[in-house]
$ cat my_file-v9.txt   # compact mmCIF, C-alpha atoms
# COMPACT_ATOMS: atom_id res chain seq x y z
CA MET F 22 51.94 131.30 86.18
CA ARG F 23 55.68 131.74 85.66
CA TYR F 24 55.74 134.34 88.44
CA LYS F 25 53.95 131.92 90.78
CA ASN F 26 56.44 129.15 90.00
CA CYS F 27 59.33 131.49 90.73
CA LEU F 28 57.81 132.38 94.09
CA LEU F 29 57.38 128.71 94.94
CA LEU F 30 61.00 128.01 94.00
CA ILE F 31 62.25 130.93 96.11
CA ALA F 32 60.15 129.76 99.05
CA ALA F 33 61.46 126.22 98.72
CA LEU F 34 65.06 127.41 98.59
CA ALA F 35 64.53 129.64 101.61
CA LEU F 36 62.99 126.78 103.57
CA SER F 37 65.83 124.46 102.56
CA ASP F 38 68.44 127.03 103.60
CA ALA F 39 66.71 127.62 106.93
CA PHE F 40 66.63 123.87 107.51
CA ALA F 41 70.38 123.68 106.88
CA GLN F 42 71.07 126.49 109.37
CA THR F 43 69.55 124.43 112.19
CA TYR F 44 71.11 121.15 111.02
CA PRO F 45 71.64 118.91 112.87
CA ASN F 46 69.11 119.25 115.67
CA LYS F 47 68.86 115.53 116.42
CA THR F 48 70.98 112.40 116.19
CA ILE F 49 72.20 111.40 112.73
CA THR F 50 72.16 107.67 111.93
CA LEU F 51 74.98 106.29 109.81
CA ILE F 52 73.96 102.95 108.28
CA VAL F 53 76.76 100.45 107.65
CA PRO F 54 75.49 97.42 105.69
CA ALA F 55 78.15 95.13 107.12
CA ALA F 56 78.97 93.37 110.36
CA ALA F 57 80.55 95.17 113.29
CA GLY F 58 84.30 94.76 113.58
CA GLY F 59 85.01 94.66 109.85
CA PRO F 60 86.95 97.25 107.81
CA THR F 61 83.88 99.19 106.65
CA ASP F 62 82.69 99.43 110.25
CA THR F 63 86.14 100.64 111.34
CA VAL F 64 86.30 103.35 108.67
CA SER F 65 82.71 104.41 109.38
CA ARG F 66 83.24 104.86 113.11
CA MET F 67 86.38 106.94 112.62
CA ILE F 68 84.65 109.23 110.13
CA ALA F 69 81.44 109.44 112.19
CA GLN F 70 83.29 110.62 115.26
CA SER F 71 85.24 113.31 113.43
CA MET F 72 82.28 114.50 111.32
CA GLY F 73 80.11 114.67 114.43
CA ARG F 74 82.54 117.09 116.03
CA GLU F 75 82.62 119.21 112.88
CA LEU F 76 78.81 119.30 112.64
CA LYS F 77 78.44 119.84 116.40
CA GLY F 78 76.06 116.90 116.53
CA GLN F 79 76.01 113.19 117.21
CA ILE F 80 76.40 110.54 114.52
CA VAL F 81 75.51 107.03 115.62
CA VAL F 82 76.73 104.06 113.58
CA GLU F 83 74.15 101.32 113.04
CA ASN F 84 75.23 98.01 111.54
CA ALA F 85 72.65 96.50 109.19
CA GLY F 86 74.43 93.58 107.55
CA GLY F 87 73.01 90.68 105.62
CA ALA F 88 71.99 89.81 102.04
CA GLY F 89 75.29 91.04 100.66
CA GLY F 90 74.74 94.57 101.94
CA THR F 91 71.36 95.04 100.26
CA ILE F 92 69.41 95.11 103.54
CA GLY F 93 71.25 98.16 104.83
CA ALA F 94 71.37 99.80 101.40
CA GLY F 95 67.64 99.25 100.95
CA ARG F 96 66.91 100.96 104.26
CA VAL F 97 68.82 104.02 103.14
CA ALA F 98 67.14 104.02 99.72
CA ARG F 99 63.75 104.14 101.47
CA ALA F 100 64.73 106.69 104.11
CA ALA F 101 63.57 110.30 104.22
CA GLY F 102 65.93 112.71 102.51
CA ASP F 103 66.34 114.97 105.51
CA GLY F 104 70.04 114.59 106.26
CA TYR F 105 69.53 112.29 109.24
CA THR F 106 70.22 109.02 107.44
CA LEU F 107 73.75 108.58 106.11
CA TYR F 108 75.34 105.53 104.53
CA VAL F 109 78.91 104.27 104.20
CA TYR F 110 79.77 101.38 101.92
CA HIS F 111 82.56 100.31 99.64
CA ILE F 112 83.13 98.91 96.18
CA GLY F 113 80.24 96.52 96.86
CA GLN F 114 77.90 99.36 95.89
CA ALA F 115 79.21 98.91 92.34
CA THR F 116 78.50 95.17 92.29
CA PHE F 117 74.81 95.34 93.23
CA PRO F 118 73.47 95.81 89.66
CA ALA F 119 75.34 92.77 88.28
CA LEU F 120 74.74 90.48 91.26
CA TYR F 121 71.02 91.00 91.78
CA ARG F 122 68.52 90.45 89.00
CA LYS F 123 65.75 91.89 91.18
CA LEU F 124 67.14 94.84 93.09
CA ALA F 125 64.75 97.04 95.06
CA PHE F 126 66.84 100.16 94.46
CA ASP F 127 69.05 101.82 91.87
CA ALA F 128 72.61 101.61 93.24
CA LEU F 129 73.72 104.65 91.27
CA ASN F 130 70.74 106.97 91.43
CA ASP F 131 68.77 106.19 94.62
CA PHE F 132 71.40 107.68 96.95
CA GLU F 133 72.69 111.21 97.44
CA PRO F 134 76.48 111.12 96.92
CA ILE F 135 78.62 113.03 99.43
CA GLY F 136 82.16 111.87 98.67
CA ARG F 137 84.75 109.15 98.78
CA ILE F 138 86.62 108.51 102.03
CA THR F 139 89.57 106.24 101.38
CA ASN F 140 91.06 103.70 99.00
CA VAL F 141 92.13 100.63 100.96
CA PRO F 142 94.68 98.08 99.70
CA MET F 143 93.93 94.40 100.17
CA THR F 144 96.20 91.73 101.61
CA LEU F 145 96.42 88.03 100.85
CA VAL F 146 96.59 86.31 104.25
CA ALA F 147 96.27 82.84 105.72
CA LYS F 148 95.76 81.15 109.05
CA ARG F 149 98.86 81.02 111.23
CA GLU F 150 98.97 77.20 111.18
CA LEU F 151 99.28 77.00 107.38
CA ALA F 152 102.47 75.20 106.33
CA ALA F 153 103.38 77.69 103.57
CA ASN F 154 105.76 80.45 104.64
CA ASP F 155 106.11 82.48 101.44
CA PHE F 156 104.10 83.16 98.30
CA LYS F 157 105.81 80.46 96.23
CA GLU F 158 105.00 77.84 98.86
CA LEU F 159 101.45 79.14 99.17
CA MET F 160 100.87 78.85 95.41
CA ALA F 161 102.23 75.31 95.39
CA TRP F 162 100.02 74.34 98.33
CA ILE F 163 96.89 75.84 96.76
CA LYS F 164 97.51 74.13 93.41
CA ALA F 165 98.16 70.81 95.15
CA ASN F 166 94.97 71.00 97.23
CA GLY F 167 92.55 72.68 94.79
CA SER F 168 88.97 72.67 96.02
CA LYS F 169 90.10 71.46 99.47
CA VAL F 170 91.42 74.98 100.09
CA SER F 171 88.88 77.19 101.86
CA LEU F 172 88.99 80.84 100.77
CA ALA F 173 86.93 83.06 103.06
CA THR F 174 85.01 86.06 101.72
CA ALA F 175 82.57 88.58 103.12
CA GLY F 176 79.88 87.31 100.76
CA LEU F 177 78.71 87.94 97.22
CA GLY F 178 79.57 91.39 95.94
CA SER F 179 82.02 92.15 98.71
CA VAL F 180 85.47 93.41 97.83
CA SER F 181 86.97 90.26 99.36
CA ASN F 182 84.79 88.22 97.00
CA LEU F 183 85.97 90.26 94.01
CA CYS F 184 89.54 89.69 95.14
CA ALA F 185 88.83 85.97 95.44
CA LEU F 186 87.52 85.86 91.85
CA LEU F 187 90.67 87.54 90.57
CA LEU F 188 92.85 85.22 92.66
CA ARG F 189 91.12 82.10 91.32
CA GLN F 190 91.84 83.33 87.79
CA SER F 191 95.48 83.94 88.71
CA PHE F 192 95.91 80.64 90.57
CA GLY F 193 94.48 78.57 87.74
CA THR F 194 92.62 76.47 90.30
CA ASP F 195 89.34 76.64 92.19
CA PRO F 196 89.60 76.97 95.97
CA THR F 197 86.23 76.66 97.70
CA LEU F 198 84.79 80.09 98.45
CA VAL F 199 83.34 80.33 101.96
CA PRO F 200 81.00 83.35 102.23
CA TYR F 201 80.36 85.16 105.52
CA LYS F 202 78.12 88.05 106.52
CA GLY F 203 81.00 90.49 106.63
CA THR F 204 84.77 90.32 107.02
CA GLY F 205 84.54 90.58 110.81
CA PRO F 206 83.12 87.04 111.19
CA ALA F 207 85.38 85.79 108.38
CA MET F 208 88.46 87.11 110.13
CA ASN F 209 87.37 85.51 113.40
CA ASP F 210 87.27 82.11 111.69
CA LEU F 211 90.62 82.71 110.00
CA LEU F 212 92.12 83.55 113.40
CA GLY F 213 90.54 80.39 114.78
CA GLY F 214 91.90 78.25 111.95
CA GLN F 215 88.46 77.26 110.60
CA VAL F 216 89.32 78.61 107.11
CA ASP F 217 92.64 78.61 105.26
CA VAL F 218 93.05 81.77 103.22
CA MET F 219 91.47 85.19 102.88
CA CYS F 220 91.86 88.39 100.87
CA ASP F 221 90.95 91.33 103.06
CA GLN F 222 91.50 95.03 103.52
CA THR F 223 94.53 96.36 105.37
CA THR F 224 92.19 98.13 107.79
CA ASN F 225 91.19 94.68 109.03
CA THR F 226 94.38 92.66 108.57
CA THR F 227 97.23 94.99 109.57
CA PRO F 228 96.86 94.63 113.38
CA HIS F 229 96.66 90.84 113.06
CA ILE F 230 99.64 90.70 110.69
CA LYS F 231 101.77 92.84 113.01
CA GLY F 232 100.62 90.77 115.97
CA GLY F 233 101.70 87.54 114.27
CA ARG F 234 98.20 86.08 114.49
CA ILE F 235 97.93 85.43 110.74
CA LYS F 236 100.40 84.98 107.88
CA ALA F 237 100.66 87.61 105.14
CA PHE F 238 101.83 86.87 101.60
CA GLY F 239 101.27 90.03 99.54
CA VAL F 240 99.30 93.21 98.92
CA THR F 241 96.94 93.66 95.98
CA THR F 242 97.98 97.16 94.87
CA LEU F 243 100.83 97.98 92.50
CA THR F 244 102.72 99.83 95.23
CA ARG F 245 103.62 98.62 98.71
CA VAL F 246 101.76 99.77 101.80
CA GLY F 247 103.58 102.04 104.25
CA ALA F 248 102.31 100.23 107.33
CA LEU F 249 103.47 96.89 105.83
CA LYS F 250 106.49 98.07 103.86
CA ASP F 251 108.23 94.67 103.95
CA LEU F 252 105.24 92.93 102.37
CA PRO F 253 105.66 92.66 98.56
CA THR F 254 102.91 93.30 96.05
CA LEU F 255 101.31 90.40 94.21
CA ASP F 256 102.53 92.07 91.02
CA GLU F 257 106.12 91.83 92.31
CA LEU F 258 105.53 88.18 93.20
CA GLY F 259 104.54 87.25 89.67
CA LEU F 260 100.82 88.01 89.35
CA LYS F 261 101.52 90.75 86.82
CA GLY F 262 99.03 93.60 86.71
CA PHE F 263 97.14 92.43 89.80
CA ASP F 264 95.70 95.68 91.13
CA LEU F 265 92.71 95.94 93.45
CA SER F 266 91.83 98.30 96.26
CA ALA F 267 88.66 98.78 98.22
CA TRP F 268 87.23 102.26 98.28
CA HIS F 269 84.79 103.54 100.88
CA ALA F 270 82.36 106.37 100.34
CA LEU F 271 79.63 108.35 102.06
CA TRP F 272 76.09 108.88 100.80
CA ALA F 273 72.94 110.45 102.27
CA ALA F 274 69.35 109.42 101.60
CA LYS F 275 68.07 110.59 98.21
CA GLY F 276 66.49 114.01 98.19
CA THR F 277 68.61 115.46 101.00
CA PRO F 278 68.52 119.25 100.44
CA LYS F 279 71.61 120.70 98.77
CA PRO F 280 72.46 123.05 101.67
CA ILE F 281 72.61 120.01 103.97
CA VAL F 282 74.60 118.04 101.39
CA ASP F 283 77.02 120.97 101.31
CA GLU F 284 77.35 120.83 105.11
CA LEU F 285 78.02 117.10 104.97
CA VAL F 286 80.64 117.55 102.26
CA LYS F 287 82.42 120.18 104.36
CA ALA F 288 82.27 117.94 107.42
CA LEU F 289 83.62 114.96 105.47
CA GLN F 290 86.47 116.97 103.98
CA ALA F 291 87.33 118.31 107.43
CA ALA F 292 87.34 114.76 108.83
CA LEU F 293 89.74 113.65 106.10
CA LYS F 294 92.15 116.37 107.27
CA ASP F 295 91.75 115.42 110.93
CA LEU F 296 95.22 114.42 112.13
CA ALA F 297 93.77 111.71 114.35
CA VAL F 298 91.94 110.18 111.36
CA ILE F 299 95.04 110.45 109.15
CA GLN F 300 97.20 108.74 111.78
CA ARG F 301 94.65 106.02 112.45
CA PHE F 302 94.28 105.37 108.72
CA ALA F 303 98.09 105.18 108.37
CA ASP F 304 98.26 102.65 111.21
CA LEU F 305 95.79 100.52 109.28
CA GLY F 306 97.62 100.77 105.95
CA THR F 307 95.54 103.37 104.15
CA GLU F 308 95.07 107.13 103.82
CA PRO F 309 92.27 109.61 103.10
CA VAL F 310 91.45 110.45 99.49
CA ARG F 311 92.34 113.80 98.00
CA GLU F 312 89.82 116.60 98.61
CA ALA F 313 88.83 116.58 94.92
CA GLU F 314 87.65 112.98 95.33
CA ALA F 315 85.58 113.76 98.40
CA THR F 316 82.81 115.49 96.46
CA PRO F 317 79.36 114.42 95.19
CA ALA F 318 80.28 114.75 91.50
CA ALA F 319 83.52 112.78 91.87
CA LEU F 320 81.80 109.99 93.80
CA TYR F 321 78.96 109.70 91.28
CA ALA F 322 81.41 109.47 88.35
CA HIS F 323 83.60 106.95 90.20
CA LEU F 324 80.67 104.70 91.12
CA LYS F 325 79.41 104.68 87.53
CA ALA F 326 82.88 103.70 86.26
CA GLU F 327 83.14 100.91 88.84
CA ILE F 328 79.70 99.52 87.92
CA ASP F 329 80.87 99.38 84.31
CA ARG F 330 84.16 97.70 85.31
CA TRP F 331 82.88 94.96 87.59
CA GLY F 332 79.63 94.04 85.86
CA PRO F 333 81.27 91.95 83.09
CA ILE F 334 83.62 90.22 85.56
CA ILE F 335 80.78 89.16 87.84
CA ARG F 336 78.56 88.01 85.01
CA ALA F 337 81.44 86.02 83.48
CA ALA F 338 81.92 84.24 86.83
CA GLY F 339 78.22 83.36 86.88
CA GLN F 340 77.75 84.77 90.37
CA PHE F 341 74.19 85.91 90.93
CA ALA F 342 72.12 86.40 94.07
CA ASP F 343 68.38 86.40 93.47

$ encode --input "my_file-v9.txt" --output "structure tokens"
Amino acid sequence: MRYKNCLLLIAALALSDAFAQTYPNKTITLIVPAAAGGPTDTVSRMIAQSMGRELKGQIVVENAGGAGGTIGAGRVARAAGDGYTLYVYHIGQATFPALYRKLAFDALNDFEPIGRITNVPMTLVAKRELAANDFKELMAWIKANGSKVSLATAGLGSVSNLCALLLRQSFGTDPTLVPYKGTGPAMNDLLGGQVDVMCDQTTNTTPHIKGGRIKAFGVTTLTRVGALKDLPTLDELGLKGFDLSAWHALWAAKGTPKPIVDELVKALQAALKDLAVIQRFADLGTEPVREAEATPAALYAHLKAEIDRWGPIIRAAGQFAD
């Protein structure tokens, strides 16, 4: 019996290895559970293009936004583990367990981790027409107007929503949170003056800040951002210890054979060393993670730690999406 089991294992490994040698032989779909035009979409398309060249195949990005990212995530959780369904998301993956009492998937264990991609600083920005011109004036305006202030977010569980929760604690007042189905639509309304303030990733805000289309007041990390070196940190401005960055990561559907996972890890790590990707990331105020972070084990450990970090904060805020 033991001999038979060994033969079956050897046969399975041989088949898996043979599968990897012909991978990919069709188009790979990369699911992004957010709207087109947002920061996650931007990061995904850059990585997809570079990884596709490395794999000598085509990776097509498919946006599947809605329901706080759970629609796209659910599709990946149900997909066949054959290496042809990939998934890029951010810190929102860590908020799923606390936000949703009835979740159709396990955010930690129903996906095959490949590796982290980048850690993206956030920026506190406002519509161009806002009267405040510096952080002190902004704080005074927000405190004076309270719930009349509209603070745009990409929806429950999004990194912009997490930033908004931390900002409300720091402000000592309660601006009205205005949720969108992604930061792309939220940014469009900020540009159009329909909302007042927003906390969003540098990958989405940097071009608009440099173009003078929105006002910028500070970055959410403890160190300044190279692409926006004149913009102070919120910590410098008086919100001591304020530190938040959005991370993006790559997963495959659960059950993807290890030889294919290994190929995807190699392709991801190659993409993170791609000079075009590095330059484009720098233009947008971020940079690729270190190679040691772009591995399945590192991503799994990081996601678990983030679930443990954000769960109590979300529950304390009473934010749930059934």

$ atom_distance --input "my_file-v9.txt" --atom1 "CA of Ala69 in chain F" --atom2 "CA of Thr43 in chain F"
19.1 Å

$ residues_near_point --input "my_file-v9.txt" --point "(68.2, 104.6, 103.3)" --cutoff "12 Å" --atoms "only C-alpha atoms" --output "JSON, numbers by chain"
{"F": [50, 51, 52, 53, 54, 83, 85, 91, 92, 93, 94, 95, 96, 97, 98, 99, 100, 101, 102, 103, 104, 105, 106, 107, 108, 109, 125, 126, 127, 128, 131, 132, 133, 272, 273, 274, 275, 276, 277]}

$ closest_residue --input "my_file-v9.txt" --among "F:Ala175, F:Val216, F:Ala303, F:Val282" --to "Gly203 in chain F" --atoms "only C-alpha atoms"
F:Ala175

$ residues_around --input "my_file-v9.txt" --residues "range 240-254 of chain F" --least-positions-apart "4" --cutoff "9 Å" --atoms "all atoms listed in the file" --output "list in words"
Pro142, Met143, Thr144, Leu145, Cys184, Cys220, Thr223, Thr227, Ile230, Lys231, Leu258, Gly259, Leu260, Gly262, Phe263, Asp264, Leu265, Ser266, Ala303, Asp304, Leu305, Gly306 and Thr307 of chain F

$ write_last_selection --input "my_file-v9.txt" --atoms "C-alpha atoms" --output "compact mmCIF listing (two decimals), keeping the file's coordinate frame"
# COMPACT_ATOMS: atom_id res chain seq x y z
CA PRO F 142 94.68 98.08 99.70
CA MET F 143 93.93 94.40 100.17
CA THR F 144 96.20 91.73 101.61
CA LEU F 145 96.42 88.03 100.85
CA CYS F 184 89.54 89.69 95.14
CA CYS F 220 91.86 88.39 100.87
CA THR F 223 94.53 96.36 105.37
CA THR F 227 97.23 94.99 109.57
CA ILE F 230 99.64 90.70 110.69
CA LYS F 231 101.77 92.84 113.01
CA LEU F 258 105.53 88.18 93.20
CA GLY F 259 104.54 87.25 89.67
CA LEU F 260 100.82 88.01 89.35
CA GLY F 262 99.03 93.60 86.71
CA PHE F 263 97.14 92.43 89.80
CA ASP F 264 95.70 95.68 91.13
CA LEU F 265 92.71 95.94 93.45
CA SER F 266 91.83 98.30 96.26
CA ALA F 303 98.09 105.18 108.37
CA ASP F 304 98.26 102.65 111.21
CA LEU F 305 95.79 100.52 109.28
CA GLY F 306 97.62 100.77 105.95
CA THR F 307 95.54 103.37 104.15

$ residues_around --input "my_file-v9.txt" --residues "Ala153 in chain F" --least-positions-apart "3" --cutoff "12 Å" --atoms "only C-alpha atoms" --output "number ranges by chain"
F: 146-150, 156-163, 217-218, 235-238
